[in-house]
file run02.pdb (PDB, C-alpha atoms)
ATOM      1  CA  MET A  74     234.321 131.274  80.174
ATOM      2  CA  LYS A  75     233.110 128.525  77.866
ATOM      3  CA  LEU A  76     232.185 124.962  78.800
ATOM      4  CA  SER A  77     232.797 121.810  76.778
ATOM      5  CA  VAL A  78     231.223 118.464  77.647
ATOM      6  CA  SER A  79     233.343 115.309  77.492
ATOM      7  CA  MET A  80     231.369 112.564  75.790
ATOM      8  CA  PHE A  81     233.732 109.970  77.251
ATOM      9  CA  ALA A  82     231.844 110.567  80.532
ATOM     10  CA  CYS A  83     228.430 109.937  78.983
ATOM     11  CA  PRO A  84     226.790 107.123  81.005
ATOM     12  CA  ASN A  85     226.970 103.792  79.162
ATOM     13  CA  ARG A  86     227.784 105.631  75.930
ATOM     14  CA  GLU A  87     224.057 106.192  75.455
ATOM     15  CA  PHE A  88     224.575 109.360  73.473
ATOM     16  CA  GLU A  89     221.038 109.601  72.129
ATOM     17  CA  ASN A  90     219.688 109.861  75.681
ATOM     18  CA  SER A  91     221.771 113.005  76.160
ATOM     19  CA  LYS A  92     220.841 114.651  72.867
ATOM     20  CA  HIS A  93     218.717 117.282  74.610
ATOM     21  CA  LEU A  94     221.791 118.423  76.569
ATOM     22  CA  LEU A  95     224.082 118.851  73.557
ATOM     23  CA  THR A  96     222.912 122.344  72.686
ATOM     24  CA  LYS A  97     224.207 125.882  73.062
ATOM     25  CA  LYS A  98     221.876 126.292  76.034
ATOM     26  CA  SER A  99     223.975 123.837  78.060
ATOM     27  CA  VAL A 100     227.510 123.879  76.610
ATOM     28  CA  ASP A 101     229.650 125.564  73.969
ATOM     29  CA  SER A 102     231.343 122.535  72.421
ATOM     30  CA  ILE A 103     231.632 118.750  72.483
ATOM     31  CA  HIS A 104     234.907 117.248  73.731
ATOM     32  CA  ILE A 105     236.019 113.986  72.149
ATOM     33  CA  ASP A 106     238.742 111.946  73.871
ATOM     34  CA  MET A 107     240.186 109.606  71.257
ATOM     35  CA  MET A 108     242.318 107.042  73.136
ATOM     36  CA  ASP A 109     243.754 103.797  71.815
ATOM     37  CA  GLY A 110     244.881 101.969  74.969
ATOM     38  CA  VAL A 111     248.503 102.310  73.789
ATOM     39  CA  CYS A 112     249.410 105.988  74.020
ATOM     40  CA  VAL A 113     247.401 106.020  77.269
ATOM     41  CA  PRO A 114     245.894 103.067  79.199
ATOM     42  CA  LEU A 115     242.234 103.771  78.434
ATOM     43  CA  LYS A 116     240.304 103.489  75.185
ATOM     44  CA  GLY A 117     238.016 106.344  74.274
ATOM     45  CA  ILE A 118     235.562 107.636  71.690
ATOM     46  CA  THR A 119     235.791 105.804  68.363
ATOM     47  CA  GLU A 120     234.952 106.744  64.800
ATOM     48  CA  GLU A 121     231.850 104.575  65.166
ATOM     49  CA  ASP A 122     230.804 106.682  68.161
ATOM     50  CA  MET A 123     231.397 109.814  66.113
ATOM     51  CA  GLU A 124     229.044 108.599  63.412
ATOM     52  CA  ILE A 125     226.316 108.779  66.049
ATOM     53  CA  LEU A 126     227.443 111.998  67.714
ATOM     54  CA  LYS A 127     227.842 114.062  64.573
ATOM     55  CA  ASN A 128     224.101 113.696  63.919
ATOM     56  CA  LEU A 129     223.063 114.641  67.463
ATOM     57  CA  THR A 130     224.411 118.178  67.711
ATOM     58  CA  GLN A 131     225.333 121.295  65.781
ATOM     59  CA  LEU A 132     227.996 122.275  68.304
ATOM     60  CA  PRO A 133     231.697 122.281  67.356
ATOM     61  CA  PHE A 134     233.894 119.352  68.346
ATOM     62  CA  ILE A 135     237.201 119.426  70.204
ATOM     63  CA  PHE A 136     239.212 116.283  69.381
ATOM     64  CA  HIS A 137     241.877 115.368  71.935
ATOM     65  CA  LEU A 138     244.095 112.767  70.276
ATOM     66  CA  MET A 139     245.714 110.406  72.748
ATOM     67  CA  ILE A 140     246.639 107.752  70.208
ATOM     68  CA  GLN A 141     249.896 106.325  68.916
ATOM     69  CA  ASP A 142     249.254 107.071  65.236
ATOM     70  CA  GLN A 143     247.756 110.529  65.443
ATOM     71  CA  GLU A 144     248.070 111.164  61.722
ATOM     72  CA  LYS A 145     245.800 108.223  60.866
ATOM     73  CA  VAL A 146     242.659 109.717  62.384
ATOM     74  CA  LEU A 147     243.042 113.107  60.715
ATOM     75  CA  PRO A 148     241.492 112.137  57.336
ATOM     76  CA  TYR A 149     238.324 111.122  59.161
ATOM     77  CA  ILE A 150     238.216 114.358  61.161
ATOM     78  CA  TYR A 151     238.555 116.328  57.923
ATOM     79  CA  THR A 152     235.322 114.795  56.637
ATOM     80  CA  LEU A 153     233.249 116.046  59.579
ATOM     81  CA  PRO A 154     231.138 119.209  59.424
ATOM     82  CA  LYS A 155     233.096 122.175  60.783
ATOM     83  CA  ASN A 156     230.387 123.469  63.078
ATOM     84  CA  GLU A 157     231.668 126.991  63.714
ATOM     85  CA  GLY A 158     235.213 125.631  63.869
ATOM     86  CA  ASN A 159     236.283 122.215  65.098
ATOM     87  CA  THR A 160     239.554 121.910  67.035
ATOM     88  CA  VAL A 161     242.219 119.174  67.034
ATOM     89  CA  ILE A 162     244.544 118.842  70.025
ATOM     90  CA  PHE A 163     247.665 116.707  69.664
ATOM     91  CA  THR A 164     249.654 114.780  72.241
ATOM     92  CA  ILE A 165     253.348 115.733  72.424
ATOM     93  CA  GLU A 166     254.482 113.182  75.048
ATOM     94  CA  GLY A 167     256.636 110.543  73.356
ATOM     95  CA  PHE A 168     256.621 112.296  69.973
ATOM     96  CA  SER A 169     259.249 114.439  68.295
ATOM     97  CA  ALA A 170     258.609 118.158  67.914
ATOM     98  CA  ASP A 171     258.992 117.805  64.119
ATOM     99  CA  TYR A 172     256.276 115.139  63.996
ATOM    100  CA  VAL A 173     253.849 117.263  66.004
ATOM    101  CA  LEU A 174     254.620 120.396  63.990
ATOM    102  CA  THR A 175     253.851 118.503  60.786
ATOM    103  CA  LEU A 176     250.465 117.492  62.176
ATOM    104  CA  LEU A 177     249.706 121.013  63.379
ATOM    105  CA  LYS A 178     250.454 122.510  59.970
ATOM    106  CA  GLU A 179     248.422 119.876  58.144
ATOM    107  CA  ALA A 180     245.334 120.332  60.334
ATOM    108  CA  LYS A 181     245.677 124.103  60.187
ATOM    109  CA  GLY A 182     245.634 123.805  56.407
ATOM    110  CA  GLN A 183     242.209 122.173  56.720
ATOM    111  CA  ASN A 184     240.885 125.325  58.443
ATOM    112  CA  LEU A 185     240.755 123.633  61.826
ATOM    113  CA  GLN A 186     241.826 125.226  65.073
ATOM    114  CA  VAL A 187     244.824 123.378  66.468
ATOM    115  CA  GLY A 188     246.488 122.890  69.819
ATOM    116  CA  ILE A 189     248.612 120.681  72.002
ATOM    117  CA  ALA A 190     247.974 118.991  75.341
ATOM    118  CA  ILE A 191     250.199 119.481  78.354
ATOM    119  CA  TRP A 192     250.111 116.538  80.763
ATOM    120  CA  PRO A 193     250.739 117.021  84.494
ATOM    121  CA  SER A 194     254.284 115.671  84.158
ATOM    122  CA  THR A 195     255.117 117.624  80.994
ATOM    123  CA  PRO A 196     257.751 120.333  81.535
ATOM    124  CA  ILE A 197     256.201 123.667  80.666
ATOM    125  CA  ASP A 198     259.086 124.648  78.413
ATOM    126  CA  LYS A 199     258.060 121.861  76.011
ATOM    127  CA  LEU A 200     255.418 124.337  74.827
ATOM    128  CA  LEU A 201     258.013 126.629  73.311
ATOM    129  CA  PRO A 202     258.507 124.979  69.862
ATOM    130  CA  PHE A 203     254.755 125.127  69.217
ATOM    131  CA  ILE A 204     253.686 128.580  70.413
ATOM    132  CA  ASP A 205     253.767 130.170  66.953
ATOM    133  CA  TYR A 206     251.606 127.422  65.444
ATOM    134  CA  ILE A 207     248.780 126.791  67.921
ATOM    135  CA  ASP A 208     245.451 128.350  68.794
ATOM    136  CA  VAL A 209     244.944 126.555  72.118
ATOM    137  CA  VAL A 210     246.760 124.750  74.916
ATOM    138  CA  LEU A 211     244.897 122.006  76.750
ATOM    139  CA  ILE A 212     246.168 121.631  80.317
ATOM    140  CA  MET A 213     245.407 118.267  81.860
ATOM    141  CA  THR A 214     244.491 118.545  85.540
ATOM    142  CA  THR A 215     244.349 114.768  86.060
ATOM    143  CA  GLU A 216     246.665 112.072  84.695
ATOM    144  CA  ALA A 217     245.937 111.669  80.981
ATOM    145  CA  GLY A 218     243.958 108.577  80.016
ATOM    146  CA  GLN A 219     244.274 106.934  83.418
ATOM    147  CA  PRO A 220     241.346 105.148  85.131
ATOM    148  CA  ASN A 221     240.021 106.753  88.327
ATOM    149  CA  SER A 222     242.374 109.723  88.071
ATOM    150  CA  VAL A 223     241.849 112.584  90.517
ATOM    151  CA  PHE A 224     242.310 116.341  90.346
ATOM    152  CA  ILE A 225     245.871 117.555  90.940
ATOM    153  CA  PRO A 226     245.794 120.703  93.147
ATOM    154  CA  GLU A 227     249.100 121.953  91.718
ATOM    155  CA  SER A 228     247.183 122.472  88.474
ATOM    156  CA  PHE A 229     246.117 125.954  89.571
ATOM    157  CA  ASN A 230     249.739 127.103  89.806
ATOM    158  CA  ARG A 231     250.528 125.357  86.549
ATOM    159  CA  VAL A 232     247.741 127.190  84.733
ATOM    160  CA  ALA A 233     249.017 130.523  86.054
ATOM    161  CA  GLN A 234     252.568 129.729  84.912
ATOM    162  CA  ILE A 235     251.454 128.694  81.429
ATOM    163  CA  ARG A 236     249.279 131.770  81.005
ATOM    164  CA  LYS A 237     252.275 133.936  81.881
ATOM    165  CA  LEU A 238     254.458 132.037  79.395
ATOM    166  CA  ILE A 239     252.109 132.130  76.396
ATOM    167  CA  GLY A 240     250.410 135.487  76.902
ATOM    168  CA  ASN A 241     246.792 136.122  75.978
ATOM    169  CA  ALA A 242     246.744 135.327  72.257
ATOM    170  CA  ILE A 243     246.511 131.545  72.810
ATOM    171  CA  ALA A 244     243.422 130.099  74.499
ATOM    172  CA  ILE A 245     243.773 127.846  77.533
ATOM    173  CA  LEU A 246     241.523 124.833  78.038
ATOM    174  CA  VAL A 247     241.583 122.690  81.165
ATOM    175  CA  ASP A 248     240.434 119.095  81.462
ATOM    176  CA  GLY A 249     240.171 116.724  84.419
ATOM    177  CA  SER A 250     237.711 116.470  87.334
ATOM    178  CA  MET A 251     236.253 119.909  86.751
ATOM    179  CA  ASN A 252     233.396 120.974  89.027
ATOM    180  CA  TYR A 253     231.688 124.225  89.943
ATOM    181  CA  GLU A 254     234.235 125.346  92.534
ATOM    182  CA  ARG A 255     237.227 124.597  90.330
ATOM    183  CA  LEU A 256     235.632 126.330  87.366
ATOM    184  CA  THR A 257     235.419 129.545  89.319
ATOM    185  CA  LYS A 258     239.106 129.411  90.227
ATOM    186  CA  MET A 259     240.105 128.548  86.664
ATOM    187  CA  GLU A 260     238.261 131.519  85.227
ATOM    188  CA  ALA A 261     240.099 133.812  87.640
ATOM    189  CA  LEU A 262     243.391 132.418  86.284
ATOM    190  CA  GLY A 263     242.502 133.307  82.711
ATOM    191  CA  VAL A 264     241.228 129.961  81.460
ATOM    192  CA  ASN A 265     239.069 130.323  78.341
ATOM    193  CA  GLU A 266     237.241 126.987  78.375
ATOM    194  CA  CYS A 267     236.730 124.179  80.882
ATOM    195  CA  ILE A 268     235.922 120.599  79.937
ATOM    196  CA  VAL A 269     233.346 118.988  82.195
ATOM    197  CA  GLY A 270     232.591 115.281  82.299
ATOM    198  CA  ARG A 271     230.952 113.419  85.165
ATOM    199  CA  SER A 272     229.787 116.674  86.741
ATOM    200  CA  PHE A 273     227.835 117.561  83.597
ATOM    201  CA  PHE A 274     225.974 114.240  83.564
ATOM    202  CA  ASP A 275     225.014 114.605  87.223
ATOM    203  CA  GLU A 276     221.715 116.508  87.240
ATOM    204  CA  LYS A 277     222.377 118.385  90.470
ATOM    205  CA  GLU A 278     225.881 119.440  89.481
ATOM    206  CA  ARG A 279     224.756 120.346  85.957
ATOM    207  CA  SER A 280     222.241 122.724  87.489
ATOM    208  CA  ARG A 281     225.077 124.452  89.335
ATOM    209  CA  LEU A 282     227.112 124.674  86.157
ATOM    210  CA  ALA A 283     224.162 126.281  84.379
ATOM    211  CA  THR A 284     223.976 128.911  87.101
ATOM    212  CA  TYR A 285     227.665 129.577  86.619
ATOM    213  CA  ARG A 286     227.231 130.156  82.862
ATOM    214  CA  ASN A 287     224.393 132.554  83.389
TER
END

call {"tool": "encode", "arguments": {"input": "run02.pdb", "output": "structure tokens"}}
result
Amino acid sequence: MKLSVSMFACPNREFENSKHLLTKKSVDSIHIDMMDGVCVPLKGITEEDMEILKNLTQLPFIFHLMIQDQEKVLPYIYTLPKNEGNTVIFTIEGFSADYVLTLLKEAKGQNLQVGIAIWPSTPIDKLLPFIDYIDVVLIMTTEAGQPNSVFIPESFNRVAQIRKLIGNAIAILVDGSMNYERLTKMEALGVNECIVGRSFFDEKERSRLATYRN
């Protein structure tokens, strides 16, 4: 199973201090939470942050768009180097299926991998209109874009249900309070990639994660 590091969890946004960790030795990709404080309460990684990050690593980026005007950030994402295949994940909560499908097709036309995010409260059957168009499903295991959110234990059952629904052709990513113990359970459920945040920037926990990858 792959690991992606969430740069939203980087202490004090001091990205340069973590440059030595942003390599294939530690993780497989860089997760970028783009939040506008409207679609979700928090604000996340900005284009200004990305101008720093894109020069610190050769790893691919996973962009999770939790913003009201998702289409407006796409032109910027298209300008970024496609380091072995960047991925764009769209929010479907509060948006029409037609709107999201338009975004999926546009990004796919730019040779990006594409996906949608499923929030804890999202009915699983909302996946159905998108299955033929996506490469990945991101399953949120905490409340999306909420401060001090905690892991939702029901997420394990939810992952199993979604894997059964979508089969094996679509990759599953999970995001929210991931640690060593939860990673192990997620892999057993068929998860392809876990996003780690605070645990990755904790030296002791990062050491455990490294043991897991080996």

call {"tool": "closest_residue", "arguments": {"input": "run02.pdb", "among": "A:Thr214, A:Asn252, A:Gln234, A:Gln131", "to": "A:Ala283", "atoms": "only C-alpha atoms"}}
result
A:Asn252

call {"tool": "resolve_selection", "arguments": {"input": "run02.pdb", "expression": "the PyMOL selection byres ((chain A and resi 232) around 9)", "output": "PyMOL selection string"}}
result
chain A and resi 212+227-231+233-237+245+247+259+262-264

call {"tool": "closest_residue", "arguments": {"input": "run02.pdb", "among": "A:Val173, A:Val187, A:Leu147, A:Ile243", "to": "A:Thr160", "atoms": "all atoms listed in the file"}}
result
A:Val187

call {"tool": "resolve_selection", "arguments": {"input": "run02.pdb", "expression": "the PyMOL selection byres ((chain A and resi 124) around 12)", "output": "number ranges by chain"}}
result
A: 88-89, 118-123, 125-130, 149-150, 152-154

call {"tool": "write_last_selection", "arguments": {"input": "run02.pdb", "atoms": "C-alpha atoms", "output": "PDB file, in the frame of the given file"}}
result
ATOM      1  CA  PHE A  88     224.575 109.360  73.473  1.00  0.00           C
ATOM      2  CA  GLU A  89     221.038 109.601  72.129  1.00  0.00           C
ATOM      3  CA  ILE A 118     235.562 107.636  71.690  1.00  0.00           C
ATOM      4  CA  THR A 119     235.791 105.804  68.363  1.00  0.00           C
ATOM      5  CA  GLU A 120     234.952 106.744  64.800  1.00  0.00           C
ATOM      6  CA  GLU A 121     231.850 104.575  65.166  1.00  0.00           C
ATOM      7  CA  ASP A 122     230.804 106.682  68.161  1.00  0.00           C
ATOM      8  CA  MET A 123     231.397 109.814  66.113  1.00  0.00           C
ATOM      9  CA  ILE A 125     226.316 108.779  66.049  1.00  0.00           C
ATOM     10  CA  LEU A 126     227.443 111.998  67.714  1.00  0.00           C
ATOM     11  CA  LYS A 127     227.842 114.062  64.573  1.00  0.00           C
ATOM     12  CA  ASN A 128     224.101 113.696  63.919  1.00  0.00           C
ATOM     13  CA  LEU A 129     223.063 114.641  67.463  1.00  0.00           C
ATOM     14  CA  THR A 130     224.411 118.178  67.711  1.00  0.00           C
ATOM     15  CA  TYR A 149     238.324 111.122  59.161  1.00  0.00           C
ATOM     16  CA  ILE A 150     238.216 114.358  61.161  1.00  0.00           C
ATOM     17  CA  THR A 152     235.322 114.795  56.637  1.00  0.00           C
ATOM     18  CA  LEU A 153     233.249 116.046  59.579  1.00  0.00           C
ATOM     19  CA  PRO A 154     231.138 119.209  59.424  1.00  0.00           C
TER      20      PRO A 154
END

call {"tool": "residues_around", "arguments": {"input": "run02.pdb", "residues": "A:Pro133", "least_positions_apart": "6", "cutoff": "10 Å", "atoms": "all atoms listed in the file", "output": "JSON, numbers by chain"}}
result
{"A": [77, 101, 102, 103, 104, 127, 154, 155, 156, 157, 158, 159, 160]}

call {"tool": "atom_distance", "arguments": {"input": "run02.pdb", "atom1": "atom CA of A:Ser222", "atom2": "atom CA of A:Val78"}}
result
17.6 Å

call {"tool": "axis_aligned_box", "arguments": {"input": "run02.pdb", "around": "stretch 105-109 of chain A", "padding_each_side": "5 Å", "output": "AutoDock Vina command-line options"}}
result
--center_x 239.9 --center_y 108.9 --center_z 72.6 --size_x 17.7 --size_y 20.2 --size_z 12.6

call {"tool": "resolve_selection", "arguments": {"input": "run02.pdb", "expression": "the PyMOL selection byres ((chain A and resi 144-146) around 12)", "output": "number ranges by chain"}}
result
A: 107-109, 118-120, 123, 136-143, 147-153, 161-164, 168, 172-180

call {"tool": "residues_around", "arguments": {"input": "run02.pdb", "residues": "stretch 81-83 of chain A", "least_positions_apart": "2", "cutoff": "9 Å", "atoms": "only C-alpha atoms", "output": "list in words"}}
result
Val78, Ser79, Asn85, Arg86, Glu87, Phe88, Ser91, His104, Ile105, Asp106, Met107, Gly117, Ile118, Val269, Gly270, Arg271, Ser272, Phe273 and Phe274 of chain A
